[in-house]
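Comments concern the structure below.
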Amino acid sequence: IVHVPIFEGLFSLNSNLEIIPAIAVAAPVITDGGSTLTYTLREGVTFQDGHEVNADDVLFSWLGYLNPETGSQQSATLAGYIGNDITFKWLNGTETRLVIDFGAGTWAYPATTETGTRVASVEAVDELTVRFEIADFEGLGAPAATFYGEGDGCVILPMHLLGEVPFADWKTSVFNTGTGTLDIGGYTVVGPTGAGPYKYVSYSATTGLITEAKYDNYWNATALEAIIWGKGPPMT
């Protein structure tokens with residue numbers, strides 16, 4: 001997936017490791033000795049198809065990053081911080097669980113009878129609030145480290161679109177390759193779709209150029225400028 005500048009994260013970090021708010025309006029509120037992180041999302045942020053970003057999109061994104069079935073390169077690292085038995089609490093009141101056993105190389109989603117050793121949760125408290133409950137690390141009685149869902153590599157994905165693609169097909173889907181089309185709910189997906197300042201137009205396998213156009217409804221529109229960004233083919 002092309003991360004920059006099609007996509008946007010909750011926030012990014014500058015060279016001094018200072019938080020630069022993006023979809024989140026500020027740094028998370030950290031309580032319970034670092035075990036609980038609560039994010040407030042920016043109201044009115046939209047994906048490039050006009051659909052507003054909400055808390056379910058954040059949950060869905062982290063489910064995708066944590067779930068080995070998507071081919072995520074971040075699964076083991078993120079689960080090391082968060083936990084290996086993670087309950088996702090969605091806006092409609094339902095709950096699903098992801099259980100990962102990296103030692104055995106197995107996982108289950110949605111998990112039913114399977115259990116993990118480090119229990120965590122990611123909750124959509126309301127449309128614009130997300131709460132992470134981080135598992136203790138082994139016998140420490142506390143998280144392994146202060147965990148932040150920073151923008152680099154942890155961008156927010158459109159659940160209403162990508163949720164229609166089986167996890168196992170993410171790598172080969174038009175969202176990742178930029179080839180082909182996919183019609184979802186009257187919207188034709190032609191490539192990566194995010195909430196960043198530029199929207200995907202096309203990819204040329206011959207030249208290696210990805211053509212993008214500025215997204216006029218980007219929440220921070222003053223940062224926009226027209227570009228053609230050439231950095232090879234889309235990658236996950």
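Labels for the structure tokens follow display order: chains A, B, ..., residues from 1 in each chain, ligands from 1.
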
Dump as CSV the rows for residues of region 66-100 of chain A within 9 Å of region 166-170 of chain A: closest atom pair and distance in Å with one decimal, only C-alpha atoms counted, ordered by chain and rising residue number.
```
residue,atom,partner,partner_atom,distance
A:Asn67,CA,A:Phe167,CA,8.2
A:Pro68,CA,A:Phe167,CA,8.9
A:Glu69,CA,A:Ala168,CA,5.4
A:Thr70,CA,A:Phe167,CA,4.8
A:Gly71,CA,A:Ala168,CA,7.5
```

Distance table requested - region 11-110 of chain A against region 191-211 of chain A, cut-off 8 Å, only C-alpha atoms: one row per qualifying residue with the closest atom pair and its distance in Å to one decimal, ordered by chain and rising residue number, as JSON lines.
```
{"residue": "A:Val45", "atom": "CA", "partner": "A:Ala195", "partner_atom": "CA", "distance": 7.2}
{"residue": "A:Thr46", "atom": "CA", "partner": "A:Ala195", "partner_atom": "CA", "distance": 5.8}
{"residue": "A:Phe47", "atom": "CA", "partner": "A:Ala195", "partner_atom": "CA", "distance": 4.2}
{"residue": "A:Gln48", "atom": "CA", "partner": "A:Ala195", "partner_atom": "CA", "distance": 5.9}
{"residue": "A:Asp49", "atom": "CA", "partner": "A:Thr193", "partner_atom": "CA", "distance": 7.7}
{"residue": "A:Val53", "atom": "CA", "partner": "A:Ala195", "partner_atom": "CA", "distance": 7.9}
```

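Taking CA of Gln73 (chain A) and CA of Glu114 (chain A) as endpoints, the distance between them is 22.9 Å.
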
Identify which of the residues A:Gly163, A:Gly178, A:Gly44, A:Gly80 lies closest to Leu128 (chain A), counting only C-alpha atoms when measuring atom-to-atom distances.
-> A:Gly44

Residues flagged helix (DSSP H, G or I) by DSSP in chain A, as a VMD selection string | chain A and resid 32 to 34 55 to 66 68 to 70 75 to 82 159 to 162 167 to 169 174 to 177 221 to 223

If you keep N, CA, C and O atoms, can you produce a file of those selected residues as a compact mmCIF listing (two decimals), in the first residue's frame?
```txt
# COMPACT_ATOMS: atom_id res chain seq x y z
N ASP A 32 -3.93 4.66 33.80
CA ASP A 32 -3.69 3.31 34.31
C ASP A 32 -2.24 2.88 34.10
O ASP A 32 -1.97 1.74 33.71
N GLY A 33 -1.31 3.80 34.37
CA GLY A 33 0.09 3.46 34.27
C GLY A 33 0.56 3.12 32.87
O GLY A 33 1.55 2.39 32.69
N GLY A 34 -0.14 3.64 31.88
CA GLY A 34 0.24 3.37 30.49
C GLY A 34 -0.57 2.26 29.86
O GLY A 34 -0.39 1.96 28.67
N ALA A 55 -14.62 5.92 14.44
CA ALA A 55 -13.87 5.04 15.33
C ALA A 55 -13.77 3.61 14.79
O ALA A 55 -12.75 2.93 14.98
N ASP A 56 -14.80 3.13 14.10
CA ASP A 56 -14.75 1.78 13.53
C ASP A 56 -13.61 1.64 12.52
O ASP A 56 -13.01 0.57 12.39
N ASP A 57 -13.33 2.71 11.78
CA ASP A 57 -12.22 2.66 10.82
C ASP A 57 -10.88 2.45 11.54
O ASP A 57 -10.00 1.75 11.04
N VAL A 58 -10.75 3.06 12.71
CA VAL A 58 -9.52 2.89 13.49
C VAL A 58 -9.42 1.44 13.96
O VAL A 58 -8.37 0.80 13.84
N LEU A 59 -10.51 0.90 14.50
CA LEU A 59 -10.49 -0.50 14.94
C LEU A 59 -10.16 -1.42 13.78
O LEU A 59 -9.34 -2.33 13.90
N PHE A 60 -10.83 -1.19 12.66
CA PHE A 60 -10.63 -2.05 11.49
C PHE A 60 -9.18 -2.00 11.01
O PHE A 60 -8.60 -3.03 10.64
N SER A 61 -8.59 -0.82 11.04
CA SER A 61 -7.20 -0.67 10.60
C SER A 61 -6.26 -1.49 11.48
O SER A 61 -5.39 -2.21 11.00
N TRP A 62 -6.46 -1.39 12.80
CA TRP A 62 -5.60 -2.13 13.72
C TRP A 62 -5.86 -3.62 13.65
O TRP A 62 -4.92 -4.43 13.81
N LEU A 63 -7.08 -4.02 13.37
CA LEU A 63 -7.35 -5.43 13.14
C LEU A 63 -6.56 -5.91 11.94
O LEU A 63 -5.96 -7.00 11.96
N GLY A 64 -6.53 -5.12 10.87
CA GLY A 64 -5.76 -5.49 9.69
C GLY A 64 -4.27 -5.57 9.94
O GLY A 64 -3.59 -6.48 9.47
N TYR A 65 -3.72 -4.62 10.72
CA TYR A 65 -2.29 -4.63 11.01
C TYR A 65 -1.90 -5.78 11.93
O TYR A 65 -0.81 -6.34 11.82
N LEU A 66 -2.78 -6.14 12.85
CA LEU A 66 -2.49 -7.20 13.80
C LEU A 66 -2.72 -8.60 13.23
O LEU A 66 -2.07 -9.55 13.65
N PRO A 68 -2.32 -11.66 11.09
CA PRO A 68 -1.33 -12.20 10.15
C PRO A 68 -1.91 -12.60 8.80
O PRO A 68 -1.18 -12.67 7.81
N GLU A 69 -3.22 -12.82 8.74
CA GLU A 69 -3.84 -13.26 7.49
C GLU A 69 -3.72 -12.22 6.39
O GLU A 69 -3.74 -12.55 5.20
N THR A 70 -3.60 -10.95 6.75
CA THR A 70 -3.48 -9.91 5.73
C THR A 70 -2.08 -9.86 5.12
O THR A 70 -1.85 -9.15 4.15
N SER A 75 2.44 -7.32 12.34
CA SER A 75 1.62 -8.08 13.27
C SER A 75 2.36 -8.45 14.55
O SER A 75 1.89 -8.18 15.66
N ALA A 76 3.52 -9.06 14.43
CA ALA A 76 4.25 -9.52 15.62
C ALA A 76 4.69 -8.36 16.49
O ALA A 76 4.59 -8.41 17.72
N THR A 77 5.18 -7.30 15.85
CA THR A 77 5.64 -6.13 16.61
C THR A 77 4.51 -5.48 17.39
O THR A 77 4.63 -5.20 18.58
N LEU A 78 3.38 -5.26 16.71
CA LEU A 78 2.26 -4.58 17.36
C LEU A 78 1.64 -5.46 18.44
O LEU A 78 1.26 -4.98 19.51
N ALA A 79 1.52 -6.76 18.17
CA ALA A 79 0.96 -7.66 19.18
C ALA A 79 1.88 -7.74 20.39
O ALA A 79 1.42 -7.95 21.52
N GLY A 80 3.19 -7.55 20.17
CA GLY A 80 4.12 -7.55 21.29
C GLY A 80 3.83 -6.42 22.26
O GLY A 80 4.03 -6.56 23.47
N TYR A 81 3.35 -5.29 21.74
CA TYR A 81 2.95 -4.17 22.58
C TYR A 81 1.54 -4.36 23.14
O TYR A 81 1.28 -4.16 24.33
N ILE A 82 0.60 -4.70 22.26
CA ILE A 82 -0.82 -4.66 22.62
C ILE A 82 -1.27 -5.91 23.36
O ILE A 82 -1.89 -5.84 24.42
N MET A 159 -12.91 1.12 6.32
CA MET A 159 -13.61 -0.13 6.60
C MET A 159 -14.74 -0.38 5.60
O MET A 159 -15.00 -1.53 5.21
N HIS A 160 -15.44 0.69 5.20
CA HIS A 160 -16.60 0.51 4.32
C HIS A 160 -16.20 0.02 2.93
O HIS A 160 -17.04 -0.52 2.20
N LEU A 161 -14.93 0.17 2.57
CA LEU A 161 -14.44 -0.32 1.28
C LEU A 161 -13.59 -1.58 1.46
O LEU A 161 -13.92 -2.65 0.94
N LEU A 162 -12.53 -1.47 2.21
CA LEU A 162 -11.60 -2.60 2.35
C LEU A 162 -12.23 -3.74 3.13
O LEU A 162 -11.81 -4.89 3.01
N PHE A 167 -9.46 -10.78 4.16
CA PHE A 167 -8.12 -10.46 4.65
C PHE A 167 -7.03 -11.12 3.81
O PHE A 167 -6.01 -10.51 3.52
N ALA A 168 -7.25 -12.35 3.41
CA ALA A 168 -6.23 -13.09 2.66
C ALA A 168 -5.97 -12.49 1.28
O ALA A 168 -4.94 -12.76 0.66
N ASP A 169 -6.91 -11.65 0.79
CA ASP A 169 -6.78 -11.07 -0.55
C ASP A 169 -6.26 -9.64 -0.53
O ASP A 169 -6.16 -9.01 -1.59
N VAL A 174 -6.98 -4.54 -5.59
CA VAL A 174 -6.74 -3.26 -6.26
C VAL A 174 -6.29 -2.21 -5.25
O VAL A 174 -5.55 -1.27 -5.61
N PHE A 175 -6.68 -2.33 -3.98
CA PHE A 175 -6.25 -1.38 -2.96
C PHE A 175 -4.73 -1.36 -2.83
O PHE A 175 -4.14 -0.34 -2.48
N ASN A 176 -4.10 -2.50 -3.10
CA ASN A 176 -2.66 -2.60 -2.91
C ASN A 176 -1.88 -2.54 -4.22
O ASN A 176 -0.78 -1.99 -4.26
N THR A 177 -2.45 -3.08 -5.27
CA THR A 177 -1.72 -3.17 -6.53
C THR A 177 -1.97 -1.99 -7.46
O THR A 177 -1.13 -1.69 -8.32
N ALA A 221 -6.29 21.33 4.22
CA ALA A 221 -6.19 21.65 2.80
C ALA A 221 -5.06 22.61 2.47
O ALA A 221 -4.58 22.64 1.33
N THR A 222 -4.58 23.39 3.43
CA THR A 222 -3.51 24.33 3.15
C THR A 222 -2.21 23.61 2.80
O THR A 222 -1.29 24.22 2.26
N ALA A 223 -2.13 22.33 3.12
CA ALA A 223 -0.90 21.58 2.85
C ALA A 223 -0.87 21.00 1.43
O ALA A 223 0.09 20.34 1.06
```

Output as a VMD selection string all residues of region 31-200 of chain A that backbone DSSP marks as strand (DSSP E or B).
-> chain A and resid 31 36 to 41 46 52 85 to 89 95 to 101 106 to 108 119 to 126 129 to 133 155 182 to 184 187 to 189 198 to 200

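With CA of Asp183 (chain A) on one side and CA of Leu41 (chain A) on the other, the separation reads 28.2 Å.
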
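Proximity of A:Phe7, A:Trp90, A:Phe102, A:Trp219 to Thr129 (chain A), computed with only C-alpha atoms, is greatest for A:Trp90.
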
Gap from CA of Ala27 (chain A) to CA of Val155 (chain A) - Å, one decimal = 15.5 Å
